[in-house]
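Structure data (compact mmCIF, C-alpha atoms) from structure-v3.txt:
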```
# COMPACT_ATOMS: atom_id res chain seq x y z
CA MET A 294 -8.06 -15.01 2.09
CA ALA A 295 -9.55 -11.67 1.14
CA ILE A 296 -11.20 -8.54 2.52
CA THR A 297 -14.52 -7.54 0.97
CA LEU A 298 -14.38 -3.85 0.12
CA ASN A 299 -17.34 -1.49 0.41
CA SER A 300 -17.48 -1.57 -3.40
CA GLY A 301 -18.31 -5.27 -3.23
CA PHE A 302 -15.00 -6.44 -4.69
CA LYS A 303 -12.58 -8.66 -2.80
CA MET A 304 -8.98 -7.63 -2.07
CA PRO A 305 -6.47 -10.37 -1.15
CA VAL A 306 -5.07 -9.71 2.31
CA VAL A 307 -1.46 -10.34 1.29
CA GLY A 308 -0.02 -8.47 -1.64
CA LEU A 309 3.36 -7.64 -3.08
CA GLY A 310 4.60 -4.06 -3.23
CA VAL A 311 6.88 -3.20 -6.15
CA TRP A 312 8.45 0.00 -4.80
CA ARG A 313 12.14 0.17 -5.75
CA VAL A 314 11.98 -2.98 -7.87
CA GLU A 315 14.24 -2.44 -10.86
CA GLY A 316 13.20 -3.41 -14.37
CA GLY A 317 15.74 -6.21 -14.64
CA GLU A 318 14.39 -8.06 -11.60
CA MET A 319 10.72 -7.37 -12.19
CA ARG A 320 9.95 -10.36 -14.40
CA ASP A 321 11.30 -13.04 -12.09
CA LEU A 322 9.78 -11.36 -9.05
CA ILE A 323 6.22 -11.18 -10.36
CA ILE A 324 6.27 -14.55 -12.15
CA ASN A 325 7.59 -16.25 -9.03
CA ALA A 326 5.06 -14.42 -6.87
CA ILE A 327 2.18 -15.59 -9.03
CA LYS A 328 3.46 -19.17 -8.87
CA ILE A 329 3.68 -18.94 -5.08
CA GLY A 330 0.08 -17.71 -4.91
CA TYR A 331 0.19 -13.92 -4.80
CA ARG A 332 -2.78 -12.34 -6.52
CA HIS A 333 -2.49 -8.77 -5.22
CA PHE A 334 0.14 -6.41 -6.62
CA ASP A 335 0.63 -2.85 -5.40
CA CYS A 336 2.06 -0.30 -7.84
CA ALA A 337 2.29 3.49 -8.17
CA ALA A 338 3.08 5.96 -10.89
CA ASP A 339 5.74 7.42 -8.58
CA TYR A 340 7.58 4.09 -8.52
CA LYS A 341 8.43 4.66 -12.18
CA ASN A 342 8.15 0.97 -13.08
CA GLU A 343 4.53 0.53 -14.19
CA ALA A 344 5.65 -0.26 -17.75
CA GLU A 345 7.89 -3.07 -16.48
CA VAL A 346 5.03 -4.46 -14.39
CA GLY A 347 2.73 -4.30 -17.41
CA GLU A 348 5.18 -6.23 -19.55
CA VAL A 349 5.29 -9.08 -17.03
CA LEU A 350 1.52 -9.10 -16.54
CA ALA A 351 0.99 -9.32 -20.29
CA GLU A 352 3.32 -12.31 -20.43
CA ALA A 353 1.53 -13.99 -17.51
CA PHE A 354 -1.84 -13.57 -19.21
CA GLN A 355 -0.60 -14.68 -22.65
CA THR A 356 1.06 -17.83 -21.32
CA GLY A 357 -1.97 -18.78 -19.25
CA LEU A 358 -0.09 -18.54 -15.96
CA VAL A 359 -2.98 -16.53 -14.53
CA LYS A 360 -6.14 -14.82 -15.75
CA ARG A 361 -6.69 -11.08 -15.47
CA GLU A 362 -9.79 -11.56 -13.36
CA ASP A 363 -7.79 -13.53 -10.81
CA LEU A 364 -5.46 -10.61 -10.05
CA PHE A 365 -6.02 -7.52 -7.93
CA ILE A 366 -3.94 -4.65 -9.29
CA THR A 367 -3.56 -1.40 -7.37
CA THR A 368 -1.79 1.71 -8.55
CA LYS A 369 -1.68 5.29 -7.35
CA ALA A 370 -1.59 8.82 -8.66
CA ASN A 371 -0.90 12.24 -7.21
CA HIS A 372 -3.42 15.08 -7.27
CA GLY A 373 -4.52 16.76 -10.46
CA HIS A 374 -5.20 15.51 -14.02
CA VAL A 375 -6.64 12.32 -12.52
CA VAL A 376 -8.35 10.89 -15.60
CA GLU A 377 -5.32 11.43 -17.81
CA ALA A 378 -3.02 9.98 -15.16
CA CYS A 379 -5.20 6.89 -14.78
CA LYS A 380 -5.27 6.29 -18.51
CA ASP A 381 -1.50 6.65 -18.62
CA SER A 382 -1.10 4.06 -15.86
CA LEU A 383 -3.51 1.69 -17.60
CA LYS A 384 -1.52 2.01 -20.81
CA LYS A 385 1.75 1.26 -19.04
CA LEU A 386 0.27 -1.62 -17.07
CA ARG A 387 -1.42 -2.95 -20.26
CA LEU A 388 -4.74 -3.25 -18.48
CA ASP A 389 -8.33 -2.33 -19.35
CA TYR A 390 -9.22 -1.53 -15.75
CA LEU A 391 -7.70 -1.17 -12.31
CA ASP A 392 -8.98 -3.05 -9.30
CA LEU A 393 -8.01 -0.18 -7.00
CA TYR A 394 -6.80 3.34 -7.70
CA LEU A 395 -5.49 5.45 -4.83
CA ILE A 396 -4.60 9.07 -4.25
CA HIS A 397 -0.97 8.50 -3.28
CA PHE A 398 -0.49 11.46 -0.94
CA PRO A 399 -2.86 14.16 0.37
CA VAL A 400 -0.86 16.92 -1.23
CA ALA A 401 -0.67 18.31 -4.76
CA THR A 402 2.55 19.44 -6.39
CA LYS A 403 3.02 21.58 -9.48
CA HIS A 404 2.01 19.59 -12.53
CA THR A 405 4.98 18.38 -14.56
CA GLY A 406 3.05 16.60 -17.30
CA VAL A 407 1.01 13.39 -17.51
CA GLY A 408 3.29 10.39 -17.35
CA ASN A 409 6.07 12.39 -15.72
CA THR A 410 6.15 11.12 -12.16
CA GLY A 411 8.93 13.36 -10.97
CA SER A 412 7.64 15.70 -8.25
CA ALA A 413 8.32 19.36 -8.81
CA LEU A 414 10.74 20.89 -6.31
CA ASP A 415 11.06 24.52 -5.35
CA ALA A 416 14.22 26.58 -4.92
CA ASP A 417 14.78 25.07 -1.46
CA GLY A 418 14.70 21.54 -2.83
CA VAL A 419 11.36 20.59 -1.25
CA LEU A 420 8.01 19.88 -2.89
CA ASP A 421 6.56 22.75 -4.88
CA ILE A 422 3.02 22.62 -3.51
CA ASP A 423 0.10 23.56 -5.76
CA THR A 424 -2.47 25.26 -3.53
CA THR A 425 -5.07 25.58 -6.32
CA ILE A 426 -6.05 21.88 -6.28
CA SER A 427 -8.25 20.70 -3.44
CA LEU A 428 -8.52 17.15 -2.15
CA GLU A 429 -12.25 17.31 -2.82
CA THR A 430 -11.76 18.20 -6.48
CA THR A 431 -9.37 15.33 -6.92
CA TRP A 432 -11.72 12.91 -5.18
CA HIS A 433 -14.63 13.76 -7.45
CA ALA A 434 -12.37 13.11 -10.44
CA MET A 435 -11.56 9.71 -8.88
CA GLU A 436 -15.30 9.03 -8.67
CA ASP A 437 -15.60 9.76 -12.38
CA LEU A 438 -13.15 6.93 -13.07
CA VAL A 439 -15.58 4.48 -11.49
CA SER A 440 -18.48 5.63 -13.64
CA MET A 441 -16.21 5.46 -16.70
CA GLY A 442 -15.43 1.81 -15.98
CA LEU A 443 -11.70 2.41 -15.74
CA VAL A 444 -11.49 1.62 -12.03
CA ARG A 445 -13.47 -0.80 -9.86
CA SER A 446 -12.62 0.70 -6.48
CA ILE A 447 -11.07 3.97 -5.41
CA GLY A 448 -9.29 4.94 -2.25
CA ILE A 449 -6.86 7.14 -0.42
CA SER A 450 -3.34 6.71 0.91
CA ASN A 451 -1.44 8.36 3.75
CA TYR A 452 -4.58 10.14 4.98
CA ASP A 453 -4.91 10.81 8.71
CA ILE A 454 -8.20 10.68 10.64
CA PHE A 455 -9.12 14.29 9.87
CA LEU A 456 -8.53 14.05 6.12
CA THR A 457 -10.30 10.70 6.01
CA ARG A 458 -13.29 12.17 7.86
CA ASP A 459 -13.43 15.07 5.39
CA CYS A 460 -13.32 12.66 2.46
CA LEU A 461 -16.31 10.81 3.89
CA VAL A 462 -18.21 14.12 4.07
CA TYR A 463 -17.74 15.17 0.46
CA SER A 464 -17.59 11.80 -1.25
CA LYS A 465 -20.41 10.33 -3.33
CA VAL A 466 -18.41 7.12 -3.76
CA LYS A 467 -16.86 6.33 -0.40
CA PRO A 468 -13.17 5.45 -0.32
CA ALA A 469 -12.81 1.68 -0.30
CA VAL A 470 -9.30 1.67 1.16
CA ASN A 471 -6.91 3.86 3.09
CA GLN A 472 -3.36 2.63 2.55
CA ILE A 473 -1.19 3.75 5.46
CA GLU A 474 2.04 2.94 7.21
CA THR A 475 1.24 0.68 10.14
CA HIS A 476 3.32 -1.95 11.92
CA PRO A 477 4.05 -2.95 15.54
CA TYR A 478 6.13 0.17 16.21
CA PHE A 479 3.59 2.52 14.56
CA GLN A 480 0.21 0.90 15.09
CA ARG A 481 -2.10 3.92 14.60
CA ASP A 482 -4.90 2.03 16.26
CA SER A 483 -7.27 5.01 16.34
CA LEU A 484 -6.93 5.59 12.59
CA VAL A 485 -7.28 1.90 11.76
CA LYS A 486 -10.41 1.57 13.90
CA PHE A 487 -11.89 4.82 12.54
CA CYS A 488 -11.50 3.61 8.97
CA GLN A 489 -12.93 0.18 9.69
CA LYS A 490 -15.85 1.64 11.66
CA HIS A 491 -16.79 3.70 8.60
CA GLY A 492 -16.43 0.88 6.09
CA ILE A 493 -12.98 1.82 4.79
CA SER A 494 -10.59 -1.11 4.61
CA VAL A 495 -7.00 -0.55 5.63
CA THR A 496 -3.94 -1.70 3.72
CA ALA A 497 -0.65 -1.59 5.61
CA HIS A 498 2.26 -0.38 3.55
CA THR A 499 5.64 -0.75 5.26
CA PRO A 500 4.04 -3.60 7.28
CA LEU A 501 7.43 -4.90 8.41
CA GLY A 502 8.34 -1.46 9.76
CA GLY A 503 11.93 -0.46 9.32
CA ALA A 504 13.02 -3.39 7.17
CA ALA A 505 16.08 -3.05 4.96
CA ALA A 506 14.72 -0.58 2.41
CA ASN A 507 13.53 1.87 5.04
CA HIS A 508 16.69 1.54 7.09
CA GLU A 509 18.73 2.36 4.01
CA TRP A 510 16.59 5.35 3.04
CA PHE A 511 15.57 6.74 6.41
CA GLY A 512 18.07 5.29 8.90
CA THR A 513 15.28 3.89 11.05
CA VAL A 514 15.19 1.07 13.57
CA SER A 515 13.48 -2.14 12.54
CA CYS A 516 10.79 -3.75 14.66
CA LEU A 517 12.05 -7.07 13.29
CA GLY A 518 14.83 -6.94 15.88
CA ASP A 519 12.44 -6.53 18.81
CA PRO A 520 13.10 -9.15 21.55
CA ALA A 521 9.38 -9.73 22.20
CA LEU A 522 8.71 -10.41 18.53
CA LYS A 523 11.72 -12.71 18.39
CA GLY A 524 10.27 -14.58 21.35
CA LEU A 525 6.96 -15.04 19.55
CA ALA A 526 8.79 -16.25 16.46
CA THR A 527 10.44 -18.94 18.56
CA LYS A 528 7.13 -19.84 20.22
CA TYR A 529 5.28 -20.28 16.93
CA LYS A 530 8.28 -21.67 15.02
CA ARG A 531 8.01 -18.86 12.51
CA THR A 532 10.15 -15.96 11.38
CA VAL A 533 9.69 -12.55 12.97
CA ALA A 534 8.41 -11.21 9.64
CA GLN A 535 5.72 -13.89 9.56
CA ILE A 536 4.65 -12.98 13.10
CA VAL A 537 4.39 -9.30 12.16
CA LEU A 538 2.44 -10.00 8.96
CA ARG A 539 0.10 -12.38 10.76
CA TRP A 540 -0.51 -9.68 13.39
CA GLY A 541 -1.48 -7.29 10.59
CA ILE A 542 -3.89 -9.79 9.07
CA GLN A 543 -5.53 -10.46 12.44
CA ARG A 544 -6.12 -6.71 12.77
CA ASP A 545 -8.26 -7.11 9.63
CA THR A 546 -5.80 -5.14 7.53
CA ALA A 547 -4.25 -6.15 4.23
CA VAL A 548 -0.45 -6.24 4.14
CA ILE A 549 1.81 -5.54 1.17
CA PRO A 550 5.40 -6.39 2.11
CA LYS A 551 8.07 -5.63 -0.46
CA THR A 552 10.95 -7.96 -1.22
CA ALA A 553 12.96 -8.98 -4.24
CA LYS A 554 14.45 -12.06 -2.56
CA PRO A 555 12.87 -15.39 -3.62
CA GLY A 556 13.14 -16.90 -0.15
CA ARG A 557 11.51 -13.92 1.52
CA LEU A 558 8.85 -13.80 -1.18
CA GLU A 559 7.68 -17.28 -0.25
CA GLU A 560 8.16 -16.72 3.47
CA ASN A 561 5.94 -13.62 3.47
CA PHE A 562 3.10 -15.61 1.91
CA GLN A 563 3.21 -18.47 4.42
CA VAL A 564 1.06 -16.74 7.02
CA PHE A 565 -2.30 -18.45 6.64
CA ASP A 566 -1.72 -21.71 8.53
CA PHE A 567 -1.29 -20.38 12.05
CA GLU A 568 -2.98 -17.88 14.35
CA LEU A 569 -1.69 -15.65 17.12
CA SER A 570 -3.48 -15.98 20.45
CA LYS A 571 -5.31 -13.01 21.97
CA GLU A 572 -2.62 -12.87 24.63
CA ASP A 573 0.09 -12.54 22.00
CA MET A 574 -1.91 -10.00 20.00
CA ASP A 575 -2.13 -7.95 23.20
CA LEU A 576 1.61 -8.36 23.73
CA ILE A 577 2.32 -6.93 20.29
CA LYS A 578 -0.14 -4.11 20.94
CA SER A 579 2.01 -3.11 23.91
CA LEU A 580 5.04 -2.61 21.64
CA ASP A 581 3.68 0.51 19.94
CA ARG A 582 6.28 3.31 19.94
CA LYS A 583 4.36 5.79 17.77
CA TYR A 584 7.43 5.45 15.59
CA ARG A 585 7.00 5.72 11.85
CA THR A 586 9.77 4.53 9.57
CA ASN A 587 8.69 6.13 6.31
CA GLN A 588 9.58 9.79 6.80
CA PRO A 589 8.63 12.01 3.85
CA ALA A 590 9.29 15.16 5.85
CA LYS A 591 12.99 14.44 5.65
CA PHE A 592 12.88 14.87 1.88
CA TRP A 593 9.85 17.03 1.22
CA GLY A 594 9.97 19.66 3.93
CA ILE A 595 6.43 18.71 5.03
CA ASP A 596 4.99 16.24 7.50
CA LEU A 597 2.05 14.28 6.12
CA TYR A 598 1.46 12.67 9.50
CA ALA A 599 1.37 15.81 11.65
```
Would you write the structure of this file as structure tokens?
Amino acid sequence: MAITLNSGFKMPVVGLGVWRVEGGEMRDLIINAIKIGYRHFDCAADYKNEAEVGEVLAEAFQTGLVKREDLFITTKANHGHVVEACKDSLKKLRLDYLDLYLIHFPVATKHTGVGNTGSALDADGVLDIDTTISLETTWHAMEDLVSMGLVRSIGISNYDIFLTRDCLVYSKVKPAVNQIETHPYFQRDSLVKFCQKHGISVTAHTPLGGAAANHEWFGTVSCLGDPALKGLATKYKRTVAQIVLRWGIQRDTAVIPKTAKPGRLEENFQVFDFELSKEDMDLIKSLDRKYRTNQPAKFWGIDLYA
């Protein structure tokens, strides 16, 4: 099951995010995911594990486990030095092209060197913002990657309605995707509908809202403990995570849950053989708390969602 992007390419609706996956567990995770049926993998330079992903992908291609053209590989870069950053990611991932390349955050920090994904901090310990690099300049550099054949589709990430609207104004190649946090407790229905209305597909990062990784990092409450969602899990004889992921798919968004546990890896992919009723979709819609779990302001001194 896939979403057709405005670039004409198809993006599988369920992918695997590799944030916080350590090098030692990367091989088994990706190999097992491919065997289960995953064909969409979501990476980022900031995750500092592109080289480990590339090593596993090379093995998968060499052993015939999967062909390159059967996979959809996304990675992301921050603003500035876009072409060099893309080439660096391609080298680490051992790929000739990317299926999707995203601007990770709508903010530029002081450049610390291509391949160095550490964000520069100022004397107060928050991001050292570079005010000389505009979002428009970065986007036009992203467009160059398409004409160079290095990237098939380009997109944005963590953009609100206003920044997305601006990107549509100045873009020659429209963003194919906006990857945002969205889950039952932070549905962002207006942003999702705005993107879809204008031909921008939405990928939901943190689609299980407040799962273990976010609770550990941000101390947030998980929607997976919600009584209504538990009730739906019982009704459909599914796990709560499967209900939440299925809800995301039925909103016409792609979902990229992250897990390193083999059981959860398979569970998160078993969401294609049932469908939530309209009544139950409406029930989940009523659970929105406008409550994000991924809180960069806590660490960066800025609020990308304000």
Exercise. Please identify all polymer residues lying at most 12 Å from the point (-1.3, -11.5, 18.1) (file coordinates), using all atoms listed in the file, and present the result as number ranges by chain.
Key: A: 477, 521-522, 525-526, 529, 535-545, 567-580
Practice problem: Work out how far atom CA of A:Ile447 is from atom CA of A:Leu388, in Å to one decimal. | Solution: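 Atom-to-atom, atom CA of A:Leu388 to atom CA of A:Ile447, that is 16.2 Å.
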Quiz item: Nearest to A:Asp321 among A:Val564, A:Pro305, A:Asn451, A:Glu352, with distances taken over all atoms listed in the file: which residue is it?
Solution: A:Glu352
Quiz item: From the list A:Val314, A:Val514, A:Ala434, A:Val307, which residue is nearest A:Glu345 when using only C-alpha atoms?
Solution: A:Val314
Practice problem: Would you mind listing what lies within 8 Å of A:Tyr331 as a list in words, with only C-alpha atoms counted and same-chain residues fewer than 4 positions away left out? | Solution: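 My reading of the contact set: Val307, Gly308, Leu309, Ala326, Ile327 and Phe562 of chain A.
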File output for stretch 365-377 of chain A (N, CA and C atoms) as a short mmCIF file (atom, residue, chain, number, x, y, z; two decimals), in the first residue's frame:
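Final file, result_15.cif:
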```cif
data_model
loop_
_atom_site.label_atom_id
_atom_site.label_comp_id
_atom_site.auth_asym_id
_atom_site.auth_seq_id
_atom_site.Cartn_x
_atom_site.Cartn_y
_atom_site.Cartn_z
N PHE A 365 12.27 2.46 -0.57
CA PHE A 365 12.05 3.90 -0.55
C PHE A 365 12.85 4.44 0.63
N ILE A 366 13.93 5.16 0.32
CA ILE A 366 14.84 5.63 1.36
C ILE A 366 14.73 7.15 1.49
N THR A 367 14.41 7.57 2.70
CA THR A 367 14.32 9.00 3.02
C THR A 367 15.47 9.36 3.95
N THR A 368 16.07 10.52 3.74
CA THR A 368 16.94 11.08 4.76
C THR A 368 16.74 12.59 4.77
N LYS A 369 17.36 13.23 5.72
CA LYS A 369 17.08 14.65 5.96
C LYS A 369 18.37 15.41 6.23
N ALA A 370 18.32 16.70 5.92
CA ALA A 370 19.45 17.58 6.20
C ALA A 370 18.94 18.87 6.81
N ASN A 371 19.82 19.58 7.48
CA ASN A 371 19.49 20.90 8.00
C ASN A 371 19.82 21.94 6.93
N HIS A 372 19.52 23.19 7.20
CA HIS A 372 19.71 24.24 6.21
C HIS A 372 21.18 24.51 5.94
N GLY A 373 21.44 24.93 4.69
CA GLY A 373 22.78 25.34 4.32
C GLY A 373 23.60 24.20 3.75
N HIS A 374 24.42 24.49 2.72
CA HIS A 374 25.34 23.51 2.14
C HIS A 374 24.58 22.24 1.74
N VAL A 375 23.44 22.44 1.08
CA VAL A 375 22.52 21.34 0.80
C VAL A 375 23.13 20.29 -0.12
N VAL A 376 23.74 20.72 -1.22
CA VAL A 376 24.28 19.76 -2.18
C VAL A 376 25.38 18.92 -1.54
N GLU A 377 26.27 19.57 -0.82
CA GLU A 377 27.35 18.84 -0.16
C GLU A 377 26.80 17.88 0.89
#
```
